[in-house]
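Some notes on the structure that comes next.
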Amino acid sequence: MSKYWSALVSELKPYVPGEQPKMANLVKLNTNENPFGPSPKVIAAIKSELNDGLRLYPDPEGQALKEAIADYHVDFGIAPSQVFVGNGSDEVLAHVFQGLLKHDKPILFPDITYSFYPVYCGLYQIESCVMPLNDRFEIDPADYRRPNGGIIFPNPNAPTGRYLGLGHVEDILQANPDSVVVVDEAYVDFGGETAIRLVNQYPNLLVCQTLSKARSLAGLRVGFAVGNEELIEALSRVKDSFNSYPLDRLALAGAVAAFEDKQWFEDSVNGVIREREKLTAELEKRGFEVLPSKANFVFARHPEHAGEDVAALLREQGIIVRHFNKPRISDFLRITVGTADQNKALIKGLGKLSEV
Ligand SMILES: *Cc1c(COP(=O)(O)O)cnc(C)c1O
């Protein structure tokens with residue numbers, strides 16, 4: 001607290017990102033980064049931008065990237081004017097909250113979900129109403145039939161990893177023609193089906209995605225949204241009232257190349273899915289309950305050990321996973337799917353549980 005702070009700043013409860021420790025040799029399974037790394041074509045494209053051109057501002061609209069994203073979704077008839085790009089999907093989401101979810105009525109999101117949503121509500125002074133997941137940790141579309149100022153949920157959900165079928169997403173869209181329904185698809189490429197295919201059917205649908213997870217570019221900070229042109233225009237108006245150049249020249253070049261290298265993307269995603277299934281089987285063998293995941297992480301609990309204790313035991317061995325000290329999920333750990341070697345180290349580390 002300081003006398004120099006605004007009243008709003010004093011009230012904020014900021015998001016706490018998963019830690020990025022400086023220690024070497026850690027098995028880092030706490031922030032859902034992709035262990036397989038970006039395409040070499042992305043690296044080459046970024047290097048080719050390292051020249052005197054950096055003295056010039058980048059394209060404020062990121063038009064080349066919007067075109068690459070529209071081309072990638074050509075089967076769904078997406079035009080570049082239906083795409084918004086931003087500095088990570090967290091920034092895109094921030095603009096969504098401010099530009100599309102701030103109305104008189106409270107917005108709806110699940111009780112167990114991406115913990116940045118309540119933070120944006122605090123920043124932009126948006127009322128919210130949380131809808132508890134059912135006891136299988138699933139979203140029940142019937143909960144989203146009450147009056148609201150907008151709806152947002154991740155699909156697959158985070159940190160549960162559970163995926164809601166597109167038929168159920170449509171139930172929510174149809175029940176809410178007067179609100180924007182935002183589907184945050186940070187993890188959709190690991191086995192879900194994207195709602196981008198529904199964008200031209202539902203003018204109230206906005207789909208957000210990121211290059212941080214499946215495309216292994218968390219360090220580049222690129223996210224995007226796809227929706228009806230009116231929704232995209234709202235985001236552009238917010239962006240141009242905040243920062244006209246959210247994506248720098250390197251990020252734009254790298255992101256375009258990431259969409260062009262489909263082979264690398266598919267191999268990487270398939271590698272994560274393969275490792276996820278192996279890891280799930282190994283955890284179940286050791287008595288863990290693992291929620292069915294379509295993400296690059298699993299959400300698991302052991303019936304005999306508190307989540308906090310398991311996380312501490314792993315940490316002693318240089319293995320970092322994410323634990324949320326929150327109601328309903330304090331016994332769970334969110335474990336990012338790593339390489340085969342990282343997952344083996346994790347399983348070996350858990351062997352120590354039988355000694356406690
Ligand atoms: C990782 C994540 C994001 C943010 O992605 P960035 O593009 O890295 O900002 C958004 N939503 C969910 C649910 C995420 O897990």
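If you're wondering about the labels, chains in the structure tokens are A, B, ... by order shown, residues count from 1 in each chain, ligands from 1 in order shown.
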
Shell of 12 Å around Ser244 of chain A, only C-alpha atoms, local chain residues under 4 positions omitted, as a list in words: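 Counting only C-alpha atoms, the residues come to Tyr57, Pro58, Asp59, Pro60, Glu61, Gly62, Val85, Gly86, Asn87, Leu235, Ser236, Arg237, Val238, Lys239, Asp240 and Asp248 of chain A.
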
At most 7 Å from ligand 1 (only C-alpha atoms and all ligand atoms): residue list as an MDAnalysis selection string: chainID A and resid 88:91 114 154 157:158 184:187 210:213 218 221:223

Could you pull out the residues in segment 17-175 of chain A that DSSP calls strand (DSSP E or B) from the backbone, as a ChimeraX atom specification? /A:27-29,83-86,107-110,128-131,151-154

Take the residues from that selection and put them in a file with N, CA, C and O atoms, as an mmCIF file, in the first residue's frame.
```cif
data_model
loop_
_atom_site.group_PDB
_atom_site.id
_atom_site.type_symbol
_atom_site.label_atom_id
_atom_site.label_comp_id
_atom_site.auth_asym_id
_atom_site.auth_seq_id
_atom_site.Cartn_x
_atom_site.Cartn_y
_atom_site.Cartn_z
ATOM 1 N N VAL A 27 13.121 -30.617 -13.388
ATOM 2 C CA VAL A 27 12.090 -31.201 -14.233
ATOM 3 C C VAL A 27 10.883 -30.286 -14.058
ATOM 4 O O VAL A 27 10.199 -30.316 -13.042
ATOM 5 N N LYS A 28 10.686 -29.430 -15.060
ATOM 6 C CA LYS A 28 9.730 -28.341 -14.904
ATOM 7 C C LYS A 28 8.388 -28.703 -15.539
ATOM 8 O O LYS A 28 8.206 -28.616 -16.749
ATOM 9 N N LEU A 29 7.457 -29.129 -14.704
ATOM 10 C CA LEU A 29 6.155 -29.590 -15.190
ATOM 11 C C LEU A 29 5.049 -28.761 -14.539
ATOM 12 O O LEU A 29 4.017 -29.282 -14.136
ATOM 13 N N VAL A 83 -10.318 -12.147 -37.527
ATOM 14 C CA VAL A 83 -9.228 -12.565 -36.635
ATOM 15 C C VAL A 83 -8.669 -11.334 -35.906
ATOM 16 O O VAL A 83 -8.469 -10.276 -36.517
ATOM 17 N N PHE A 84 -8.417 -11.488 -34.609
ATOM 18 C CA PHE A 84 -7.740 -10.459 -33.826
ATOM 19 C C PHE A 84 -6.471 -11.077 -33.271
ATOM 20 O O PHE A 84 -6.493 -12.233 -32.830
ATOM 21 N N VAL A 85 -5.349 -10.345 -33.292
ATOM 22 C CA VAL A 85 -4.113 -10.908 -32.735
ATOM 23 C C VAL A 85 -3.591 -10.014 -31.604
ATOM 24 O O VAL A 85 -3.763 -8.799 -31.630
ATOM 25 N N GLY A 86 -2.983 -10.649 -30.606
ATOM 26 C CA GLY A 86 -2.495 -9.882 -29.463
ATOM 27 C C GLY A 86 -1.262 -10.500 -28.829
ATOM 28 O O GLY A 86 -0.822 -11.593 -29.210
ATOM 29 N N ILE A 107 -21.127 -11.703 -15.375
ATOM 30 C CA ILE A 107 -20.722 -12.744 -16.326
ATOM 31 C C ILE A 107 -20.647 -14.079 -15.591
ATOM 32 O O ILE A 107 -20.543 -14.127 -14.360
ATOM 33 N N LEU A 108 -20.701 -15.154 -16.363
ATOM 34 C CA LEU A 108 -20.678 -16.498 -15.788
ATOM 35 C C LEU A 108 -19.406 -17.230 -16.204
ATOM 36 O O LEU A 108 -19.006 -17.157 -17.369
ATOM 37 N N PHE A 109 -18.785 -17.905 -15.245
ATOM 38 C CA PHE A 109 -17.709 -18.859 -15.571
ATOM 39 C C PHE A 109 -17.659 -19.925 -14.491
ATOM 40 O O PHE A 109 -18.251 -19.755 -13.415
ATOM 41 N N PRO A 110 -16.992 -21.057 -14.745
ATOM 42 C CA PRO A 110 -17.004 -22.157 -13.775
ATOM 43 C C PRO A 110 -16.246 -21.807 -12.489
ATOM 44 O O PRO A 110 -15.402 -20.907 -12.475
ATOM 45 N N SER A 128 -19.247 -10.992 -11.416
ATOM 46 C CA SER A 128 -19.272 -12.351 -11.947
ATOM 47 C C SER A 128 -20.060 -13.256 -11.026
ATOM 48 O O SER A 128 -20.312 -12.924 -9.871
ATOM 49 N N CYS A 129 -20.455 -14.391 -11.578
ATOM 50 C CA CYS A 129 -21.229 -15.368 -10.834
ATOM 51 C C CYS A 129 -20.614 -16.711 -11.218
ATOM 52 O O CYS A 129 -20.535 -17.024 -12.412
ATOM 53 N N VAL A 130 -20.080 -17.465 -10.261
ATOM 54 C CA VAL A 130 -19.408 -18.709 -10.641
ATOM 55 C C VAL A 130 -20.377 -19.885 -10.605
ATOM 56 O O VAL A 130 -21.210 -19.998 -9.716
ATOM 57 N N MET A 131 -20.252 -20.741 -11.617
ATOM 58 C CA MET A 131 -21.111 -21.905 -11.777
ATOM 59 C C MET A 131 -20.290 -23.147 -11.414
ATOM 60 O O MET A 131 -19.335 -23.488 -12.137
ATOM 61 N N ILE A 151 -20.385 -14.977 -21.056
ATOM 62 C CA ILE A 151 -19.968 -16.285 -20.536
ATOM 63 C C ILE A 151 -18.554 -16.550 -21.039
ATOM 64 O O ILE A 151 -18.239 -16.245 -22.193
ATOM 65 N N ILE A 152 -17.719 -17.111 -20.170
ATOM 66 C CA ILE A 152 -16.380 -17.517 -20.616
ATOM 67 C C ILE A 152 -15.978 -18.810 -19.925
ATOM 68 O O ILE A 152 -16.254 -18.989 -18.726
ATOM 69 N N PHE A 153 -15.382 -19.702 -20.677
ATOM 70 C CA PHE A 153 -14.813 -20.927 -20.088
ATOM 71 C C PHE A 153 -13.720 -21.436 -21.018
ATOM 72 O O PHE A 153 -13.781 -21.226 -22.224
ATOM 73 N N PRO A 154 -12.720 -22.108 -20.442
ATOM 74 C CA PRO A 154 -11.704 -22.723 -21.279
ATOM 75 C C PRO A 154 -12.228 -24.081 -21.763
ATOM 76 O O PRO A 154 -12.947 -24.755 -21.039
#
```

Excluding Pro132 of chain A and any residue of its chain fewer than 6 positions from it, enumerate the residues within 12 Å of it, using only C-alpha atoms, and give them as an NGL selection string. :A and (108-113 or 138-144 or 327-328)

Can you pull out every residue within 12 Å of Gly271 of chain A, counting only C-alpha atoms, but drop anything in the same chain fewer than 4 positions away, and send it as a PyMOL selection string? chain A and resi 34-37+190-191+214+264-267+275-278+296+337-340

Just the helix (DSSP H, G or I) stuff from segment 201-302 of chain A, please, per backbone DSSP, written as a VMD selection string. chain A and resid 229 to 239 249 to 260 262 to 285

Skip Lys47 of chain A itself and residues of its chain fewer than 2 positions away, then list as a VMD selection string all residues within 12 Å of it, counting only C-alpha atoms. chain A and resid 40 to 45 49 to 51 54 249 to 251 253 to 254 257

Can you pull out every residue within 9 Å of Gln174 of chain A, counting only C-alpha atoms, but drop anything in the same chain fewer than 4 positions away, and send it as a list of chain:residue names? A:Val169, A:Glu170, A:Tyr202

Find the residue from A:Asn30, A:Ser268, A:Gln201, A:Glu355 that sits nearest to Pro177 of chain A; use only C-alpha atoms when measuring. A:Gln201

Select, from A:Gly149, A:Ile320, A:Gln125, A:Leu65, the residue with the minimum atom-to-atom distance to Lys105 of chain A, counting only C-alpha atoms.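 Going through A:Gly149, A:Ile320, A:Gln125, A:Leu65 one by one, the smallest distance to Lys105 of chain A is for A:Gly149.
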
Residues within 12 Å of segment 2-7 of chain A, only C-alpha atoms, excluding chain neighbours under 4 positions, as a ChimeraX atom specification: /A:11-12,123

Restricting the calculation to only C-alpha atoms, which member of A:Ser293, A:Asn148, A:Arg215, A:Tyr15 is positioned closest to Lys262 of chain A?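 Answer, going by the shortest atom-to-atom distance: A:Arg215.
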
Out of A:Asn343, A:Asn325, A:Ser48, A:Gln209, which residue has the shortest atom-to-atom distance to Ala195 of chain A when counting only C-alpha atoms?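 Smallest distance to Ala195 of chain A is found for A:Gln209.
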